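The data block below is query30.pdb; it holds PDB, C-alpha atoms.
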```pdb
ATOM      1  CA  MET A 206      -0.904 -31.382   5.691
ATOM      2  CA  LYS A 207       2.298 -30.396   3.937
ATOM      3  CA  LYS A 208       1.963 -27.266   1.806
ATOM      4  CA  GLU A 209       3.253 -27.192  -1.751
ATOM      5  CA  ILE A 210       6.045 -24.747  -2.507
ATOM      6  CA  LYS A 211       6.901 -23.190  -5.847
ATOM      7  CA  VAL A 212      10.584 -22.963  -6.708
ATOM      8  CA  ALA A 213      12.034 -20.835  -9.526
ATOM      9  CA  VAL A 214      15.062 -22.346 -11.272
ATOM     10  CA  PRO A 215      17.038 -20.208 -13.754
ATOM     11  CA  LYS A 216      17.933 -21.340 -17.244
ATOM     12  CA  GLY A 217      21.517 -21.020 -18.412
ATOM     13  CA  TYR A 218      24.768 -21.593 -16.561
ATOM     14  CA  LEU A 219      23.143 -21.955 -13.113
ATOM     15  CA  PHE A 220      20.640 -24.606 -14.193
ATOM     16  CA  LYS A 221      22.915 -27.642 -13.802
ATOM     17  CA  PRO A 222      24.495 -26.563 -10.490
ATOM     18  CA  CYS A 223      21.020 -25.978  -9.050
ATOM     19  CA  ILE A 224      19.876 -29.441 -10.135
ATOM     20  CA  GLU A 225      22.991 -31.028  -8.620
ATOM     21  CA  ILE A 226      22.390 -29.281  -5.288
ATOM     22  CA  LEU A 227      18.732 -30.327  -5.241
ATOM     23  CA  ARG A 228      19.691 -33.930  -6.037
ATOM     24  CA  GLU A 229      22.350 -34.025  -3.299
ATOM     25  CA  ALA A 230      19.809 -32.585  -0.864
ATOM     26  CA  GLY A 231      17.564 -35.573  -1.533
ATOM     27  CA  TYR A 232      15.026 -34.018  -3.880
ATOM     28  CA  ASP A 233      13.560 -35.712  -6.937
ATOM     29  CA  THR A 234      15.160 -33.906  -9.895
ATOM     30  CA  ASP A 235      13.762 -36.161 -12.631
ATOM     31  CA  PRO A 236      11.068 -33.596 -13.549
ATOM     32  CA  LEU A 237      13.774 -30.967 -14.084
ATOM     33  CA  GLU A 238      15.930 -33.266 -16.228
ATOM     34  CA  ARG A 239      13.275 -34.189 -18.777
ATOM     35  CA  LYS A 240      14.186 -33.174 -22.307
ATOM     36  CA  ASP A 241      11.162 -31.069 -23.187
ATOM     37  CA  ARG A 242      10.225 -27.392 -23.345
ATOM     38  CA  LYS A 243       7.768 -27.342 -20.455
ATOM     39  CA  LEU A 244       8.497 -24.497 -18.052
ATOM     40  CA  PHE A 245       6.394 -25.991 -15.243
ATOM     41  CA  ARG A 246       7.607 -29.242 -13.685
ATOM     42  CA  TYR A 247       5.998 -30.954 -10.706
ATOM     43  CA  SER A 248       7.602 -33.292  -8.189
ATOM     44  CA  GLU A 249       4.733 -35.111  -6.493
ATOM     45  CA  SER A 250       7.018 -36.868  -3.991
ATOM     46  CA  ASP A 251       8.435 -33.535  -2.773
ATOM     47  CA  SER A 252       5.290 -31.402  -3.208
ATOM     48  CA  ILE A 253       7.346 -28.921  -5.245
ATOM     49  CA  GLN A 254       6.239 -27.040  -8.348
ATOM     50  CA  TYR A 255       9.324 -25.994 -10.314
ATOM     51  CA  ILE A 256       9.171 -22.967 -12.618
ATOM     52  CA  ILE A 257      12.021 -22.693 -15.121
ATOM     53  CA  SER A 258      12.625 -19.083 -16.110
ATOM     54  CA  ARG A 259      15.064 -16.540 -17.450
ATOM     55  CA  PRO A 260      17.644 -15.630 -14.758
ATOM     56  CA  MET A 261      16.557 -11.977 -14.672
ATOM     57  CA  ASP A 262      12.948 -13.006 -14.008
ATOM     58  CA  VAL A 263      13.604 -15.237 -10.971
ATOM     59  CA  PRO A 264      13.752 -12.448  -8.335
ATOM     60  CA  VAL A 265      10.707 -10.807  -9.927
ATOM     61  CA  TYR A 266       8.635 -13.996  -9.667
ATOM     62  CA  VAL A 267       9.768 -14.473  -6.079
ATOM     63  CA  GLU A 268       9.155 -10.867  -5.031
ATOM     64  CA  TYR A 269       5.593 -10.851  -6.394
ATOM     65  CA  GLY A 270       4.697 -14.251  -4.957
ATOM     66  CA  ALA A 271       4.475 -16.254  -8.172
ATOM     67  CA  CYS A 272       7.199 -18.420  -6.599
ATOM     68  CA  ASP A 273       7.937 -18.990  -2.933
ATOM     69  CA  VAL A 274      11.637 -19.721  -3.355
ATOM     70  CA  GLY A 275      14.164 -19.214  -6.140
ATOM     71  CA  PHE A 276      17.758 -19.740  -7.194
ATOM     72  CA  SER A 277      19.431 -16.563  -8.431
ATOM     73  CA  GLY A 278      22.881 -15.170  -9.139
ATOM     74  CA  LYS A 279      24.006 -12.332  -6.863
ATOM     75  CA  ASP A 280      24.573 -10.231 -10.007
ATOM     76  CA  VAL A 281      20.867 -10.458 -10.840
ATOM     77  CA  LEU A 282      19.817  -9.648  -7.276
ATOM     78  CA  VAL A 283      22.006  -6.544  -7.208
ATOM     79  CA  GLU A 284      20.724  -5.433 -10.604
ATOM     80  CA  LYS A 285      17.015  -6.031  -9.929
ATOM     81  CA  GLU A 286      17.036  -4.735  -6.321
ATOM     82  CA  SER A 287      14.085  -7.019  -5.561
ATOM     83  CA  ASN A 288      12.484  -7.023  -2.124
ATOM     84  CA  VAL A 289      13.150 -10.650  -1.159
ATOM     85  CA  TYR A 290      14.879 -12.599   1.592
ATOM     86  CA  GLU A 291      18.374 -13.764   0.618
ATOM     87  CA  LEU A 292      18.780 -16.980   2.591
ATOM     88  CA  ILE A 293      21.828 -18.934   1.386
ATOM     89  CA  ASP A 294      25.033 -18.350  -0.530
ATOM     90  CA  LEU A 295      25.381 -21.598  -2.488
ATOM     91  CA  LYS A 296      29.112 -20.996  -3.131
ATOM     92  CA  CYS A 297      28.689 -22.137  -6.747
ATOM     93  CA  GLY A 298      28.161 -20.501 -10.128
ATOM     94  CA  LYS A 299      30.997 -18.102  -9.365
ATOM     95  CA  CYS A 300      31.410 -15.275 -11.870
ATOM     96  CA  ARG A 301      32.836 -11.779 -11.733
ATOM     97  CA  VAL A 302      31.224  -8.526 -12.804
ATOM     98  CA  ILE A 303      34.025  -6.594 -14.484
ATOM     99  CA  LEU A 304      34.850  -3.573 -16.607
ATOM    100  CA  ALA A 305      36.674  -4.259 -19.860
ATOM    101  CA  THR A 306      37.786  -2.414 -22.954
ATOM    102  CA  LEU A 307      39.707  -3.059 -26.169
ATOM    103  CA  LYS A 308      43.445  -3.540 -25.752
ATOM    104  CA  ASP A 309      44.144  -0.538 -27.975
ATOM    105  CA  CYS A 310      41.785   1.731 -25.993
ATOM    106  CA  ILE A 311      43.146   1.388 -22.459
ATOM    107  CA  GLU A 312      45.063   4.690 -22.519
ATOM    108  CA  LYS A 313      42.159   6.480 -24.184
ATOM    109  CA  VAL A 314      39.718   5.390 -21.465
ATOM    110  CA  LYS A 315      42.182   6.258 -18.690
ATOM    111  CA  ASP A 316      42.514   9.718 -20.220
ATOM    112  CA  TYR A 317      38.740  10.151 -20.078
ATOM    113  CA  TYR A 318      38.787   9.239 -16.379
ATOM    114  CA  GLN A 319      41.583  11.701 -15.616
ATOM    115  CA  HIS A 320      39.949  14.604 -17.436
ATOM    116  CA  PHE A 321      36.389  13.909 -16.323
ATOM    117  CA  GLY A 322      35.152  13.281 -19.842
ATOM    118  CA  SER A 323      31.996  11.273 -20.499
ATOM    119  CA  ILE A 324      32.495   7.672 -21.598
ATOM    120  CA  LYS A 325      30.070   5.146 -23.067
ATOM    121  CA  ILE A 326      29.454   1.916 -21.153
ATOM    122  CA  ALA A 327      27.635  -1.006 -22.789
ATOM    123  CA  THR A 328      26.056  -3.452 -20.351
ATOM    124  CA  SER A 329      23.187  -5.775 -19.497
ATOM    125  CA  TYR A 330      23.396  -4.384 -15.948
ATOM    126  CA  PRO A 331      22.462  -0.683 -16.225
ATOM    127  CA  ASN A 332      21.620  -0.249 -12.525
ATOM    128  CA  ILE A 333      24.914  -1.749 -11.378
ATOM    129  CA  ALA A 334      26.815   0.376 -13.896
ATOM    130  CA  ARG A 335      25.033   3.581 -12.928
ATOM    131  CA  LYS A 336      25.633   3.126  -9.202
ATOM    132  CA  TYR A 337      29.238   2.042  -9.678
ATOM    133  CA  PHE A 338      30.203   5.128 -11.661
ATOM    134  CA  GLU A 339      28.126   7.466  -9.488
ATOM    135  CA  GLN A 340      30.166   6.297  -6.476
ATOM    136  CA  LYS A 341      33.331   7.100  -8.404
ATOM    137  CA  GLY A 342      31.995  10.489  -9.514
ATOM    138  CA  ILE A 343      32.552   9.619 -13.177
ATOM    139  CA  GLN A 344      30.156  10.780 -15.885
ATOM    140  CA  VAL A 345      29.047   7.957 -18.206
ATOM    141  CA  GLU A 346      26.488   7.238 -20.879
ATOM    142  CA  ILE A 347      24.990   3.777 -20.356
ATOM    143  CA  ILE A 348      23.975   1.720 -23.372
ATOM    144  CA  LYS A 349      21.774  -1.212 -22.401
ATOM    145  CA  LEU A 350      22.222  -4.402 -24.400
ATOM    146  CA  TYR A 351      20.548  -7.791 -23.967
ATOM    147  CA  GLY A 352      23.405  -9.990 -25.141
ATOM    148  CA  SER A 353      26.806 -10.084 -26.874
ATOM    149  CA  VAL A 354      27.880  -7.047 -24.865
ATOM    150  CA  GLU A 355      31.514  -7.683 -25.799
ATOM    151  CA  LEU A 356      30.740  -6.629 -29.387
ATOM    152  CA  ALA A 357      29.984  -3.025 -28.398
ATOM    153  CA  PRO A 358      33.619  -1.787 -28.245
ATOM    154  CA  VAL A 359      34.487  -3.795 -31.365
ATOM    155  CA  LEU A 360      31.644  -2.117 -33.282
ATOM    156  CA  GLY A 361      32.566   1.295 -31.904
ATOM    157  CA  ILE A 362      29.374   2.043 -29.981
ATOM    158  CA  ALA A 363      30.957   1.947 -26.505
ATOM    159  CA  ASP A 364      34.308   2.658 -24.864
ATOM    160  CA  GLU A 365      33.923  -0.022 -22.202
ATOM    161  CA  ILE A 366      31.676  -2.859 -21.159
ATOM    162  CA  LEU A 367      30.442  -3.857 -17.728
ATOM    163  CA  ASP A 368      29.715  -7.561 -17.970
ATOM    164  CA  LEU A 369      29.886 -10.970 -16.345
ATOM    165  CA  THR A 370      32.905 -13.209 -16.895
ATOM    166  CA  SER A 371      33.959 -16.590 -15.540
ATOM    167  CA  THR A 372      36.963 -17.751 -17.562
ATOM    168  CA  GLY A 373      37.805 -14.576 -19.489
ATOM    169  CA  LYS A 374      37.835 -16.571 -22.725
ATOM    170  CA  THR A 375      35.194 -14.443 -24.470
ATOM    171  CA  LEU A 376      37.052 -11.262 -23.540
ATOM    172  CA  LYS A 377      40.287 -12.604 -24.976
ATOM    173  CA  GLU A 378      38.651 -13.812 -28.190
ATOM    174  CA  ASN A 379      37.293 -10.295 -28.796
ATOM    175  CA  ASP A 380      40.571  -8.491 -27.989
ATOM    176  CA  LEU A 381      39.196  -7.106 -24.731
ATOM    177  CA  VAL A 382      41.138  -6.694 -21.508
ATOM    178  CA  GLU A 383      39.828  -6.433 -17.971
ATOM    179  CA  MET A 384      40.255  -3.047 -16.315
ATOM    180  CA  GLU A 385      38.510  -3.434 -12.963
ATOM    181  CA  GLU A 386      36.563  -5.989 -10.950
ATOM    182  CA  VAL A 387      33.243  -4.606  -9.723
ATOM    183  CA  PHE A 388      32.246  -7.579  -7.539
ATOM    184  CA  VAL A 389      32.115 -11.381  -7.364
ATOM    185  CA  SER A 390      28.797 -13.136  -7.931
ATOM    186  CA  THR A 391      27.688 -16.574  -6.698
ATOM    187  CA  ALA A 392      24.330 -18.355  -6.707
ATOM    188  CA  ARG A 393      21.903 -17.616  -3.871
ATOM    189  CA  VAL A 394      18.612 -19.007  -2.577
ATOM    190  CA  ILE A 395      15.947 -16.347  -2.101
ATOM    191  CA  ALA A 396      12.415 -16.421  -0.691
ATOM    192  CA  ASN A 397       9.246 -14.373  -0.931
ATOM    193  CA  ILE A 398       8.755 -12.399   2.291
ATOM    194  CA  THR A 399       5.109 -13.387   2.759
ATOM    195  CA  SER A 400       5.656 -17.006   1.747
ATOM    196  CA  TYR A 401       8.458 -17.302   4.265
ATOM    197  CA  ARG A 402       5.955 -16.506   7.002
ATOM    198  CA  ILE A 403       2.973 -18.509   5.685
ATOM    199  CA  LYS A 404       4.998 -21.551   4.583
ATOM    200  CA  TYR A 405       7.692 -21.256   7.201
ATOM    201  CA  VAL A 406       7.862 -24.983   8.013
ATOM    202  CA  GLU A 407       8.128 -26.059   4.369
ATOM    203  CA  ILE A 408      10.616 -23.372   3.349
ATOM    204  CA  SER A 409      12.736 -23.870   6.476
ATOM    205  CA  ASP A 410      12.901 -27.599   5.763
ATOM    206  CA  PHE A 411      13.910 -26.863   2.155
ATOM    207  CA  ILE A 412      16.625 -24.444   3.288
ATOM    208  CA  LYS A 413      17.941 -26.856   5.926
ATOM    209  CA  LYS A 414      18.361 -29.652   3.378
ATOM    210  CA  ILE A 415      20.124 -27.321   0.934
ATOM    211  CA  LYS A 416      22.464 -25.994   3.639
ATOM    212  CA  ASN A 417      23.478 -29.542   4.559
ATOM    213  CA  VAL A 418      25.045 -30.120   1.136
ATOM    214  CA  ILE A 419      26.775 -26.747   0.620
ATOM    215  CA  LYS A 420      30.515 -27.322   0.407
TER
END
```

This structure in structure tokens:
Amino acid sequence: MKKEIKVAVPKGYLFKPCIEILREAGYDTDPLERKDRKLFRYSESDSIQYIISRPMDVPVYVEYGACDVGFSGKDVLVEKESNVYELIDLKCGKCRVILATLKDCIEKVKDYYQHFGSIKIATSYPNIARKYFEQKGIQVEIIKLYGSVELAPVLGIADEILDLTSTGKTLKENDLVEMEEVFVSTARVIANITSYRIKYVEISDFIKKIKNVIK
């Protein structure tokens, strides 16, 4: 008897690409495309229970076994440091984690770097920021924000931001300029370590079908 698997799908910018990949792989995506607020969707034909969640929660649900498989951005995986199997790079949802500051503050920030002064970094990725600056031997004060990070330099509470960007449009609209690229993030498929062993046949079949449509 085929075992049911639970799949975490993130809200936001990765939601549509994930649905498109599932559809191309031959899965019934109608439950995911219904216009309602239900966070649990079931595909009887595929024996899949979909859980729609905040992007930052996907690796947590997968690590603790609430979901067997999940779709997650590499940025989230690096930030959360969850103990999961990373199985596929989907090559979609490409974004860059970057450092940016106000146009008028570039020389000021560079001066801080050169003289080992402490600078303030606003970010939704405190772990990534901490490790990045520790590797560079630069002293920083990290200010954690949950959204609209680009406002921090404008409002004067931070010298720089470490944030995600795809087009750079938001940076430009807020008079920010990119200083450094930290790393490139794409969507990944992850699996719970125990589930991968117990539901190996089902998860392997799921992974195989997804791999067949990755461009």

Mind checking which residues fall within 8 Å of Leu367 of chain A, counting only C-alpha atoms, ignoring those fewer than 2 positions away in the same chain, and posting them as a list in words?
Val302, Ile303, Leu304, Ala305, Ile326, Ala327, Thr328, Ser329, Tyr330, Ala334, Glu365 and Leu369 of chain A

Compile the contact shell of Met261 of chain A as a list of chain:residue names: residues with an atom at most 10 Å away, counting all atoms listed in the file, same-chain residues fewer than 5 positions apart removed.
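Once the nearby chain positions are removed, what remains is A:Pro215, A:Lys216, A:Tyr266, A:Ser277, A:Gly278, A:Asp280, A:Val281, A:Leu282, A:Glu284, A:Lys285.
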
Given the choices A:Lys404, A:Ile366, A:Ala392, A:Tyr351, which gets closest to Lys221 of chain A if the distance is worked out from all atoms listed in the file?
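Distance minimum relative to Lys221 of chain A lands on A:Ala392.
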
One number please: atom CA of Val345 of chain A to atom CA of Lys325 of chain A, in Å, one decimal.
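These atoms are spaced 5.7 Å apart.
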
Choose the residue, out of A:Leu237, A:Ile253, A:Ile362, A:Cys297, that has the smallest atom-to-atom separation from Glu346 of chain A; count only C-alpha atoms.
A:Ile362

Set the distance at 8 Å and use all atoms listed in the file: which residues neighbour Gly275 of chain A once local chain neighbours fewer than 3 positions away are removed? I'd like the list as an NGL selection string.
:A and (212-214 or 263-264 or 267 or 272 or 394-396)

Take the PyMOL selection byres ((chain A and resi 234) around 12), run it mentally on this structure, and tell me the resulting residues as a list in words.
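Taken over the shown coordinates, the PyMOL selection byres ((chain A and resi 234) around 12) returns Val214, Phe220, Lys221, Pro222, Cys223, Ile224, Glu225, Ile226, Leu227, Arg228, Glu229, Ala230, Gly231, Tyr232, Asp233, Asp235, Pro236, Leu237, Glu238, Arg239, Arg246, Tyr247, Ser248, Glu249, Ser250, Asp251, Ile253, Gln254 and Tyr255 of chain A.
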
Got a sec to resolve the PyMOL selection byres ((chain A and resi 300) around 7) on this structure and send the residues as number ranges by chain?
A: 298-299, 301-302, 369-371, 389-391

Next, dump the selected residues to file, keeping only C-alpha atoms, as a PDB file, in the coordinates of the input.
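again-v1.pdb written:
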```pdb
ATOM      1  CA  GLY A 298      28.161 -20.501 -10.128  1.00  0.00           C
ATOM      2  CA  LYS A 299      30.997 -18.102  -9.365  1.00  0.00           C
ATOM      3  CA  ARG A 301      32.836 -11.779 -11.733  1.00  0.00           C
ATOM      4  CA  VAL A 302      31.224  -8.526 -12.804  1.00  0.00           C
ATOM      5  CA  LEU A 369      29.886 -10.970 -16.345  1.00  0.00           C
ATOM      6  CA  THR A 370      32.905 -13.209 -16.895  1.00  0.00           C
ATOM      7  CA  SER A 371      33.959 -16.590 -15.540  1.00  0.00           C
ATOM      8  CA  VAL A 389      32.115 -11.381  -7.364  1.00  0.00           C
ATOM      9  CA  SER A 390      28.797 -13.136  -7.931  1.00  0.00           C
ATOM     10  CA  THR A 391      27.688 -16.574  -6.698  1.00  0.00           C
TER      11      THR A 391
END
```

Nearest residue to Leu360 of chain A out of A:Ile324, A:Val289, A:Leu307, A:Ile347, using only C-alpha atoms?
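Nearest to Leu360 of chain A: A:Leu307.
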
Kindly reconstruct segment 255-280 of chain A with N, CA, C and O atoms and present the result as an mmCIF file, in the coordinates of the input.
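Done, and the output landed in out_12.cif:
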```cif
data_model
loop_
_atom_site.group_PDB
_atom_site.id
_atom_site.type_symbol
_atom_site.label_atom_id
_atom_site.label_comp_id
_atom_site.auth_asym_id
_atom_site.auth_seq_id
_atom_site.Cartn_x
_atom_site.Cartn_y
_atom_site.Cartn_z
ATOM 1 N N TYR A 255 8.169 -26.721 -9.794
ATOM 2 C CA TYR A 255 9.324 -25.994 -10.314
ATOM 3 C C TYR A 255 8.908 -25.122 -11.486
ATOM 4 O O TYR A 255 8.166 -25.560 -12.370
ATOM 5 N N ILE A 256 9.405 -23.890 -11.500
ATOM 6 C CA ILE A 256 9.171 -22.967 -12.618
ATOM 7 C C ILE A 256 10.534 -22.620 -13.199
ATOM 8 O O ILE A 256 11.397 -22.081 -12.496
ATOM 9 N N ILE A 257 10.739 -22.964 -14.461
ATOM 10 C CA ILE A 257 12.021 -22.693 -15.121
ATOM 11 C C ILE A 257 11.907 -21.360 -15.859
ATOM 12 O O ILE A 257 11.022 -21.189 -16.708
ATOM 13 N N SER A 258 12.779 -20.423 -15.535
ATOM 14 C CA SER A 258 12.625 -19.083 -16.110
ATOM 15 C C SER A 258 13.963 -18.448 -16.473
ATOM 16 O O SER A 258 15.029 -18.960 -16.136
ATOM 17 N N ARG A 259 13.879 -17.329 -17.151
ATOM 18 C CA ARG A 259 15.064 -16.540 -17.450
ATOM 19 C C ARG A 259 15.667 -16.066 -16.131
ATOM 20 O O ARG A 259 14.942 -15.710 -15.190
ATOM 21 N N PRO A 260 16.998 -16.044 -16.019
ATOM 22 C CA PRO A 260 17.644 -15.630 -14.758
ATOM 23 C C PRO A 260 17.158 -14.289 -14.224
ATOM 24 O O PRO A 260 16.942 -14.146 -13.016
ATOM 25 N N MET A 261 16.975 -13.307 -15.108
ATOM 26 C CA MET A 261 16.557 -11.977 -14.672
ATOM 27 C C MET A 261 15.136 -11.958 -14.129
ATOM 28 O O MET A 261 14.741 -11.016 -13.414
ATOM 29 N N ASP A 262 14.337 -12.976 -14.458
ATOM 30 C CA ASP A 262 12.948 -13.006 -14.008
ATOM 31 C C ASP A 262 12.766 -13.690 -12.658
ATOM 32 O O ASP A 262 11.734 -13.514 -12.000
ATOM 33 N N VAL A 263 13.746 -14.481 -12.221
ATOM 34 C CA VAL A 263 13.604 -15.237 -10.971
ATOM 35 C C VAL A 263 13.279 -14.338 -9.774
ATOM 36 O O VAL A 263 12.299 -14.562 -9.065
ATOM 37 N N PRO A 264 14.076 -13.283 -9.495
ATOM 38 C CA PRO A 264 13.752 -12.448 -8.335
ATOM 39 C C PRO A 264 12.421 -11.721 -8.473
ATOM 40 O O PRO A 264 11.777 -11.410 -7.461
ATOM 41 N N VAL A 265 12.000 -11.462 -9.700
ATOM 42 C CA VAL A 265 10.707 -10.807 -9.927
ATOM 43 C C VAL A 265 9.574 -11.754 -9.543
ATOM 44 O O VAL A 265 8.631 -11.378 -8.832
ATOM 45 N N TYR A 266 9.652 -13.004 -10.009
ATOM 46 C CA TYR A 266 8.635 -13.996 -9.667
ATOM 47 C C TYR A 266 8.567 -14.225 -8.161
ATOM 48 O O TYR A 266 7.483 -14.377 -7.597
ATOM 49 N N VAL A 267 9.739 -14.243 -7.526
ATOM 50 C CA VAL A 267 9.768 -14.473 -6.079
ATOM 51 C C VAL A 267 9.226 -13.260 -5.325
ATOM 52 O O VAL A 267 8.415 -13.391 -4.410
ATOM 53 N N GLU A 268 9.626 -12.074 -5.722
ATOM 54 C CA GLU A 268 9.155 -10.867 -5.031
ATOM 55 C C GLU A 268 7.634 -10.739 -5.070
ATOM 56 O O GLU A 268 6.998 -10.389 -4.074
ATOM 57 N N TYR A 269 7.035 -11.034 -6.236
ATOM 58 C CA TYR A 269 5.593 -10.851 -6.394
ATOM 59 C C TYR A 269 4.772 -12.088 -6.032
ATOM 60 O O TYR A 269 3.570 -12.121 -6.239
ATOM 61 N N GLY A 270 5.427 -13.114 -5.490
ATOM 62 C CA GLY A 270 4.697 -14.251 -4.957
ATOM 63 C C GLY A 270 4.304 -15.323 -5.946
ATOM 64 O O GLY A 270 3.603 -16.269 -5.580
ATOM 65 N N ALA A 271 4.757 -15.195 -7.197
ATOM 66 C CA ALA A 271 4.475 -16.254 -8.172
ATOM 67 C C ALA A 271 5.249 -17.509 -7.793
ATOM 68 O O ALA A 271 4.825 -18.627 -8.096
ATOM 69 N N CYS A 272 6.390 -17.317 -7.131
ATOM 70 C CA CYS A 272 7.199 -18.420 -6.599
ATOM 71 C C CYS A 272 7.515 -18.114 -5.138
ATOM 72 O O CYS A 272 7.654 -16.954 -4.752
ATOM 73 N N ASP A 273 7.612 -19.163 -4.344
ATOM 74 C CA ASP A 273 7.937 -18.990 -2.933
ATOM 75 C C ASP A 273 9.436 -18.867 -2.706
ATOM 76 O O ASP A 273 9.891 -18.127 -1.831
ATOM 77 N N VAL A 274 10.178 -19.633 -3.492
ATOM 78 C CA VAL A 274 11.637 -19.721 -3.355
ATOM 79 C C VAL A 274 12.249 -19.667 -4.743
ATOM 80 O O VAL A 274 11.604 -20.025 -5.737
ATOM 81 N N GLY A 275 13.499 -19.234 -4.839
ATOM 82 C CA GLY A 275 14.164 -19.214 -6.140
ATOM 83 C C GLY A 275 15.676 -19.300 -6.007
ATOM 84 O O GLY A 275 16.238 -19.000 -4.951
ATOM 85 N N PHE A 276 16.301 -19.730 -7.087
ATOM 86 C CA PHE A 276 17.758 -19.740 -7.194
ATOM 87 C C PHE A 276 18.146 -18.571 -8.100
ATOM 88 O O PHE A 276 17.638 -18.450 -9.218
ATOM 89 N N SER A 277 19.067 -17.741 -7.637
ATOM 90 C CA SER A 277 19.431 -16.563 -8.431
ATOM 91 C C SER A 277 20.889 -16.195 -8.210
ATOM 92 O O SER A 277 21.426 -16.351 -7.105
ATOM 93 N N GLY A 278 21.525 -15.687 -9.261
ATOM 94 C CA GLY A 278 22.881 -15.170 -9.139
ATOM 95 C C GLY A 278 22.860 -13.847 -8.384
ATOM 96 O O GLY A 278 21.904 -13.077 -8.488
ATOM 97 N N LYS A 279 23.911 -13.593 -7.608
ATOM 98 C CA LYS A 279 24.006 -12.332 -6.863
ATOM 99 C C LYS A 279 23.993 -11.144 -7.821
ATOM 100 O O LYS A 279 23.463 -10.075 -7.494
ATOM 101 N N ASP A 280 24.565 -11.313 -9.019
ATOM 102 C CA ASP A 280 24.573 -10.231 -10.007
ATOM 103 C C ASP A 280 23.156 -9.794 -10.359
ATOM 104 O O ASP A 280 22.873 -8.600 -10.480
#
```
